[in-house]
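Since the structure comes first, as structure tokens, the remarks are kept for the end.
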Amino acid sequence: MSPKTLYDKIWDAHVAHQSEDGTCLLYIDRHLVHEVTSPQAFEGLRITNRRVRSPEKTIAVPDHNVPTTKGRDDPKNMTEDSAIQVAALDKNALDFGIHYYPVSDVRQGIVHIVGPEQGWTLPGMTVVCGDSHTATHGAFGALAHGIGTSEVEHVLATQTLIQKKSKNMKVEITGKLRPGVTAKDITLSVIGKTGTAGGTGYVIEYCGQAIRDLSMEGRMTVCNMAIEGGARAGLIAPDEKTYEYCLGRPHAPKGAQWETALAWWKTLYSDNDAFWDETITIQGEDIAPVVTWGTSPEDVLPITGVVPAANEFEGGKVGAAQRSLDYMGLTPGTPLTDIEIDTVFIGSCTNGRIEDLRAAAEILKGKKIKVGLRAMIVPGSGLVRAQAEEEGLADIFREAGFEWRLAGCSMCLAMNPDQLKEGERCASTSNRNFEGRQGYKSRTHLVSPGMAAAAAITGRLTDVRDLM
Amino acid sequence: MEKFTTITGIAAPMPLVNIDTDMIIPKQFLKTIKRSGLGANLFDEMRFDRQGNEIADFILNKDAYRSAEIIVAGENFGCGSSREHAPWAIKDFGISCIISSSFADIFYNNCFKNGILPIVLPEADIAVVMKDAEKGANARMSIDLEAQTVTTSDGEVFSFEVDSFKKHCLMSGLDDIGLTLDKQDHIDAFEAQAAQTRPWV
Ligand code: SF4
């Protein structure tokens, strides 16, 4: 048998039909659904009189719109259009008989945090969702990617997706990370190197010692941002850490089935001599705590750097860099650590898991945030929130001056009331620093949870290593 | 779905790289549960100020480009969020073709589901096509999907590649789901076999 990559193996195990031109029907094991990209898909099913083919493999949770303040399960506390979308999901979940975690359920949270937490996401699966950060689930060695609403309807109706195979890219992070450097810094550094289009047409497998050393939470952070590098999906081969994470989760297999599953999962790795269309190697020791200065996730620099000038770039990027500098209100040559912020947001499907909150708490313990600063922690799920309460993290946050919110996407995309005002500048653990992402004319600097916590204390972008 | 065969129309030049779907349709317009009507808010934050007045120097606000049917854009068009509201807004505005040197993957696929043809040309060709688009309303570009060509107002012709299956679906306005349901037997067979080999799924 010819050697295969991990991606090849998962792909081959899911082709339900292949046409002569190579177009495949890829079978989908898990379909995650949220309120923003699904209403039109369900409407389509109703119009055509179609049903959901596999409701038992379809899981829905409202996350993008929901307020993160108390009393939110009362629709009166939502804006009218948000309430309509959430109500539509409530109804669609009920009508079509799919698994559902409503706003009132403690298990509710960001779809990409809930899936793994509940054991829906398992190694070797195909996982899709009408959301680009579906890439997160690749941390389990699952082929996971975002789809559009037409494709959501297609998967609902057929449990398959029309696909052509992508190319294989290997991103190897060798060696060990230095203190203060996290999974977020790895994933941002990779995008800084490849650019936001560098991964287009590829599925990336992240490997190497620094990746193996990461916890499952950290691996999810890395894969989460594969999409920011343009890749269809990010993957990390499953290992003992993966199995341990999955064991005992509500929807993970049990008993004899667990053993059968485990035997297959152990075959899920890239063969030694597998073919890679592209390989990138980064030394773990070379990665610094990073921050973005511009309006594209590729605008990454070590925190020790200075704001660049547009003429340091080439081609179309010169204009884009100038536009970013103007938008961000930054002067070339300014040390990044001189940039003052007025808001800190810790949360999102990139960094809203328990380990992220622990990292922030580590820095915040016994400290106060800068006077006048607004700082918010939004756990990724109700269960993450409960665990943080139990571990005493919530007390640390409250005492430091952070708002301790309920679970949801919140200020990651500011579709709910958690928004920045015009001109406000935020150190954010989310994944996108696009124009207007966190509010009209707002400014976002992407950082790790530790860096966000450090920035909250000093009121400017800060090297977390100075506070460790 | 609406068929796409040929168009001859005005092309708006947008040389910016990395035009993301947050720019194409900002999040505040994602709260709809319908597909229609999003054209009014296409590129909203670039097109209108906070009071809702047009920003004069935005390309689609210039008289020459108000009825553009084609966009010529910088690389990596449509990156970011998977929101299909982006192609819905583009189509609803009246644009059915986007030409760039590269597209983000999900956006590219979403276009074909909505009667929009995304065309990839090499950077060198983009430079020529961009220049042509800058000529304004008198320069009409022609797109022929059957022949897989872009013809500038000067008659210069560029060929492009497109996946044969996607081309077929776009030209015939075919419904993907209907096509897939014709292969239901294969899906049933796959499921039956998977139930044996991966019963935990
Ligand atoms: S947390 Fe942000 S990136 Fe993640 S699913 Fe929600 S909106 Fe998307």
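Chain lettering (A, B, ...) mirrors the order of the structure tokens, residue numbering begins at 1 for each chain separately, and ligand numbering begins at 1 in order of display.
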**OP:** Give me the residues within 7 Å of stretch 291-301 of chain A as a ChimeraX atom specification, counting only C-alpha atoms and dropping any in the same chain fewer than 4 places off.
**Re:** /A:188-189,191-192,195-196,228,305,307,324-325,328,432-435,445-447
Limited to N, CA, C and O atoms, could you put the picked residues into a file as a PDB file, in the first residue's frame?
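Written file, selection_16.pdb:
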ATOM      1  N   LEU A 188      -0.139  32.067  15.428  1.00  0.00           N
ATOM      2  CA  LEU A 188       0.046  33.389  14.813  1.00  0.00           C
ATOM      3  C   LEU A 188       1.375  33.465  14.064  1.00  0.00           C
ATOM      4  O   LEU A 188       1.451  34.036  12.975  1.00  0.00           O
ATOM      5  N   SER A 189       2.408  32.861  14.621  1.00  0.00           N
ATOM      6  CA  SER A 189       3.714  32.900  13.961  1.00  0.00           C
ATOM      7  C   SER A 189       3.682  32.156  12.631  1.00  0.00           C
ATOM      8  O   SER A 189       4.318  32.586  11.659  1.00  0.00           O
ATOM      9  N   ILE A 191       1.084  31.875  10.665  1.00  0.00           N
ATOM     10  CA  ILE A 191       0.372  32.740   9.715  1.00  0.00           C
ATOM     11  C   ILE A 191       1.263  33.906   9.295  1.00  0.00           C
ATOM     12  O   ILE A 191       1.288  34.305   8.125  1.00  0.00           O
ATOM     13  N   GLY A 192       2.042  34.418  10.256  1.00  0.00           N
ATOM     14  CA  GLY A 192       2.982  35.484   9.941  1.00  0.00           C
ATOM     15  C   GLY A 192       3.962  35.038   8.863  1.00  0.00           C
ATOM     16  O   GLY A 192       4.391  35.827   8.021  1.00  0.00           O
ATOM     17  N   GLY A 195       1.453  33.888   5.506  1.00  0.00           N
ATOM     18  CA  GLY A 195       0.461  34.844   5.020  1.00  0.00           C
ATOM     19  C   GLY A 195      -0.929  34.233   5.101  1.00  0.00           C
ATOM     20  O   GLY A 195      -1.073  33.017   5.260  1.00  0.00           O
ATOM     21  N   THR A 196      -1.956  35.088   4.975  1.00  0.00           N
ATOM     22  CA  THR A 196      -3.320  34.585   5.144  1.00  0.00           C
ATOM     23  C   THR A 196      -3.790  33.767   3.956  1.00  0.00           C
ATOM     24  O   THR A 196      -4.824  33.118   4.015  1.00  0.00           O
ATOM     25  N   GLU A 228      -7.219  31.022   9.329  1.00  0.00           N
ATOM     26  CA  GLU A 228      -6.633  32.364   9.151  1.00  0.00           C
ATOM     27  C   GLU A 228      -5.411  32.301   8.237  1.00  0.00           C
ATOM     28  O   GLU A 228      -5.007  33.309   7.669  1.00  0.00           O
ATOM     29  N   GLY A 305       9.002  44.023  19.094  1.00  0.00           N
ATOM     30  CA  GLY A 305       9.213  44.740  17.838  1.00  0.00           C
ATOM     31  C   GLY A 305       8.653  46.155  17.841  1.00  0.00           C
ATOM     32  O   GLY A 305       8.170  46.656  18.863  1.00  0.00           O
ATOM     33  N   VAL A 307       6.266  49.085  15.342  1.00  0.00           N
ATOM     34  CA  VAL A 307       5.265  49.199  14.278  1.00  0.00           C
ATOM     35  C   VAL A 307       6.005  49.399  12.940  1.00  0.00           C
ATOM     36  O   VAL A 307       6.852  50.277  12.835  1.00  0.00           O
ATOM     37  N   SER A 324      -3.996  49.668   6.908  1.00  0.00           N
ATOM     38  CA  SER A 324      -4.017  49.118   8.268  1.00  0.00           C
ATOM     39  C   SER A 324      -3.474  50.130   9.278  1.00  0.00           C
ATOM     40  O   SER A 324      -4.062  50.328  10.338  1.00  0.00           O
ATOM     41  N   LEU A 325      -2.344  50.744   8.938  1.00  0.00           N
ATOM     42  CA  LEU A 325      -1.728  51.709   9.861  1.00  0.00           C
ATOM     43  C   LEU A 325      -2.680  52.867  10.133  1.00  0.00           C
ATOM     44  O   LEU A 325      -2.853  53.297  11.273  1.00  0.00           O
ATOM     45  N   MET A 328      -5.576  51.585  12.218  1.00  0.00           N
ATOM     46  CA  MET A 328      -5.168  51.272  13.590  1.00  0.00           C
ATOM     47  C   MET A 328      -4.641  52.510  14.320  1.00  0.00           C
ATOM     48  O   MET A 328      -4.407  52.468  15.527  1.00  0.00           O
ATOM     49  N   ARG A 432      -9.506  37.227  14.934  1.00  0.00           N
ATOM     50  CA  ARG A 432      -9.570  38.113  13.777  1.00  0.00           C
ATOM     51  C   ARG A 432      -9.460  39.569  14.205  1.00  0.00           C
ATOM     52  O   ARG A 432     -10.178  40.013  15.100  1.00  0.00           O
ATOM     53  N   ASN A 433      -8.585  40.272  13.503  1.00  0.00           N
ATOM     54  CA  ASN A 433      -8.377  41.690  13.770  1.00  0.00           C
ATOM     55  C   ASN A 433      -8.863  42.532  12.592  1.00  0.00           C
ATOM     56  O   ASN A 433      -8.392  43.634  12.378  1.00  0.00           O
ATOM     57  N   PHE A 434      -9.790  41.979  11.816  1.00  0.00           N
ATOM     58  CA  PHE A 434     -10.327  42.690  10.651  1.00  0.00           C
ATOM     59  C   PHE A 434     -10.929  44.043  11.040  1.00  0.00           C
ATOM     60  O   PHE A 434     -11.391  44.223  12.155  1.00  0.00           O
ATOM     61  N   GLU A 435     -10.982  44.926  10.066  1.00  0.00           N
ATOM     62  CA  GLU A 435     -11.654  46.214  10.270  1.00  0.00           C
ATOM     63  C   GLU A 435     -13.072  45.971  10.772  1.00  0.00           C
ATOM     64  O   GLU A 435     -13.810  45.183  10.186  1.00  0.00           O
ATOM     65  N   HIS A 445      -5.897  44.066  18.705  1.00  0.00           N
ATOM     66  CA  HIS A 445      -4.573  43.441  18.689  1.00  0.00           C
ATOM     67  C   HIS A 445      -4.726  42.016  19.209  1.00  0.00           C
ATOM     68  O   HIS A 445      -5.157  41.815  20.353  1.00  0.00           O
ATOM     69  N   LEU A 446      -4.395  41.046  18.391  1.00  0.00           N
ATOM     70  CA  LEU A 446      -4.546  39.645  18.789  1.00  0.00           C
ATOM     71  C   LEU A 446      -3.353  39.212  19.642  1.00  0.00           C
ATOM     72  O   LEU A 446      -2.205  39.467  19.283  1.00  0.00           O
ATOM     73  N   VAL A 447      -3.663  38.562  20.745  1.00  0.00           N
ATOM     74  CA  VAL A 447      -2.622  38.102  21.676  1.00  0.00           C
ATOM     75  C   VAL A 447      -3.061  36.810  22.363  1.00  0.00           C
ATOM     76  O   VAL A 447      -4.212  36.394  22.246  1.00  0.00           O
TER      77      VAL A 447
END
Subject >> Distance filter 9 Å, only C-alpha atoms, chain B against chain A, as number ranges by chain >> reply: B: 15-18, 20, 22-23, 26-28, 30-35, 45, 50, 74-76, 79-85, 102-107, 109-110, 113-114, 163-165, 176-177, 180-181, 183-184, 186-191, 194, 197-201
**OP:** Might you pull out every residue within 12 Å of A:Asp273, with only C-alpha atoms counted and same-chain residues fewer than 4 positions away left off, and present them as a list in words?
**Re:**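 Contacts, with the query itself left out: Met1, Ser2, Pro3, Lys4, Thr5, Leu6 and Tyr269 of chain A.
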**OP:** From a DSSP pass on the backbone, collect the residues of chain B flagged as alpha helix (DSSP H) and hand them back as a ChimeraX atom specification.
**Re:** /B:21-24,44-47,85-93,105-112,123-133,164-172,176-181,184-197
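Excluding B:Glu146 itself and same-chain residues fewer than 6 positions from it, the residues having an atom within 10 Å of it are Phe4, Thr5, Thr6, Lys167, His168 and Met171 of chain B, counting only C-alpha atoms.
Between atom CA of A:His31 and atom CA of A:Asp239 lies a distance of 23.8 Å.
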Subject >> Selection: 8 Å around A:Asp418, only C-alpha atoms, excl. self and same-chain fewer than 6 positions, as a ChimeraX atom specification >> reply: /A:67,410-411
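Distance annotation: of A:Thr221, A:Ser448, A:Thr267, A:Thr462, the residue with the minimal separation from ligand 1 is A:Thr221; atom set is only C-alpha atoms and all ligand atoms.
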**OP:** Determine, counting only C-alpha atoms, which protein, DNA and RNA residues have an atom within 8 Å of an atom of B:Ala12; residues of the same chain fewer than 6 positions away are not included. Present the result as a PyMOL selection string.
**Re:** chain B and resi 59-60+65+68-72+133-134+136
**OP:** Using only C-alpha atoms and all ligand atoms, find the one residue out of A:Gly141, A:Ile457, A:Ser430, A:Pro250 that sits nearest to ligand 1.
**Re:**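 Going through A:Gly141, A:Ile457, A:Ser430, A:Pro250 one by one, the smallest distance to ligand 1 is for A:Ser430.
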Subject >> Top pick for closest residue to ligand 1, considering A:Thr134, A:Ser270, A:Ser428, A:Ser348 and counting only C-alpha atoms and all ligand atoms >> reply: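 Of the candidates, the smallest distance to ligand 1 is held by A:Ser348.
In this model, the gap between atom CA of B:Ser172 and atom CA of B:Gln148 comes to 15.2 Å.
Between atom CA of A:Cys426 and atom CA of A:Ile339 there is a distance of 10.4 Å.
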Subject >> 12 Å contact set for B:Ala124, only C-alpha atoms, chain neighbours under 5 positions out, as number ranges by chain >> reply: B: 74, 100-101, 129-131, 158
**OP:** Go through A:Leu383, A:Cys409, A:Ala226, A:Ile186 and flag the residue nearest ligand 1, using only C-alpha atoms and all ligand atoms for the distances.
**Re:**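 With only C-alpha atoms and all ligand atoms as the atom set, the closest residue is A:Cys409.
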Subject >> DSSP-assigned strand (DSSP E) among stretch 166-404 of chain A, expressed as a PyMOL selection string >> reply: chain A and resi 167-174+202-207+233-235+278-283+290-292+300-302+343-346+374-377+403-404
Selection from above, C-alpha atoms, as a compact mmCIF listing (two decimals), in the first residue's frame, can you write it?
# COMPACT_ATOMS: atom_id res chain seq x y z
CA LYS A 167 -3.20 19.18 -1.09
CA ASN A 168 -1.10 18.13 1.91
CA MET A 169 1.02 20.61 3.84
CA LYS A 170 3.18 19.71 6.79
CA VAL A 171 3.95 22.39 9.37
CA GLU A 172 6.51 21.13 11.81
CA ILE A 173 7.29 22.98 15.03
CA THR A 174 10.45 21.44 16.38
CA TYR A 202 -4.15 22.78 1.53
CA VAL A 203 -4.98 20.78 4.58
CA ILE A 204 -2.25 21.46 7.12
CA GLU A 205 -0.96 18.84 9.51
CA TYR A 206 0.85 20.37 12.49
CA CYS A 207 3.51 18.13 13.95
CA ALA A 233 -8.40 22.47 7.67
CA GLY A 234 -5.70 21.91 10.27
CA LEU A 235 -4.93 18.49 11.71
CA GLU A 278 4.56 21.62 0.91
CA THR A 279 6.58 21.51 4.12
CA ILE A 280 7.31 24.31 6.57
CA THR A 281 9.55 23.97 9.59
CA ILE A 282 9.74 26.44 12.45
CA GLN A 283 11.98 26.04 15.43
CA VAL A 290 3.59 37.84 19.48
CA VAL A 291 0.96 40.48 18.83
CA THR A 292 -0.74 41.74 15.68
CA VAL A 300 2.27 39.54 13.31
CA LEU A 301 5.34 40.72 15.21
CA PRO A 302 7.18 39.70 18.36
CA THR A 343 -10.18 47.20 26.55
CA VAL A 344 -9.16 43.60 27.14
CA PHE A 345 -11.18 40.65 25.91
CA ILE A 346 -10.35 37.11 26.97
CA ARG A 374 -12.57 47.74 30.62
CA ALA A 375 -11.72 44.05 30.89
CA MET A 376 -13.94 41.10 30.20
CA ILE A 377 -13.58 37.35 30.48
CA GLU A 403 -16.17 41.34 34.26
CA TRP A 404 -16.94 37.63 34.60
Original post:
So, counting only C-alpha atoms, which residue among A:Asp12, A:Gly352, A:Gly408, A:Ala359 is closest to A:Val66?
Top reply: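 Among A:Asp12, A:Gly352, A:Gly408, A:Ala359, it is A:Gly408 that comes nearest to A:Val66.
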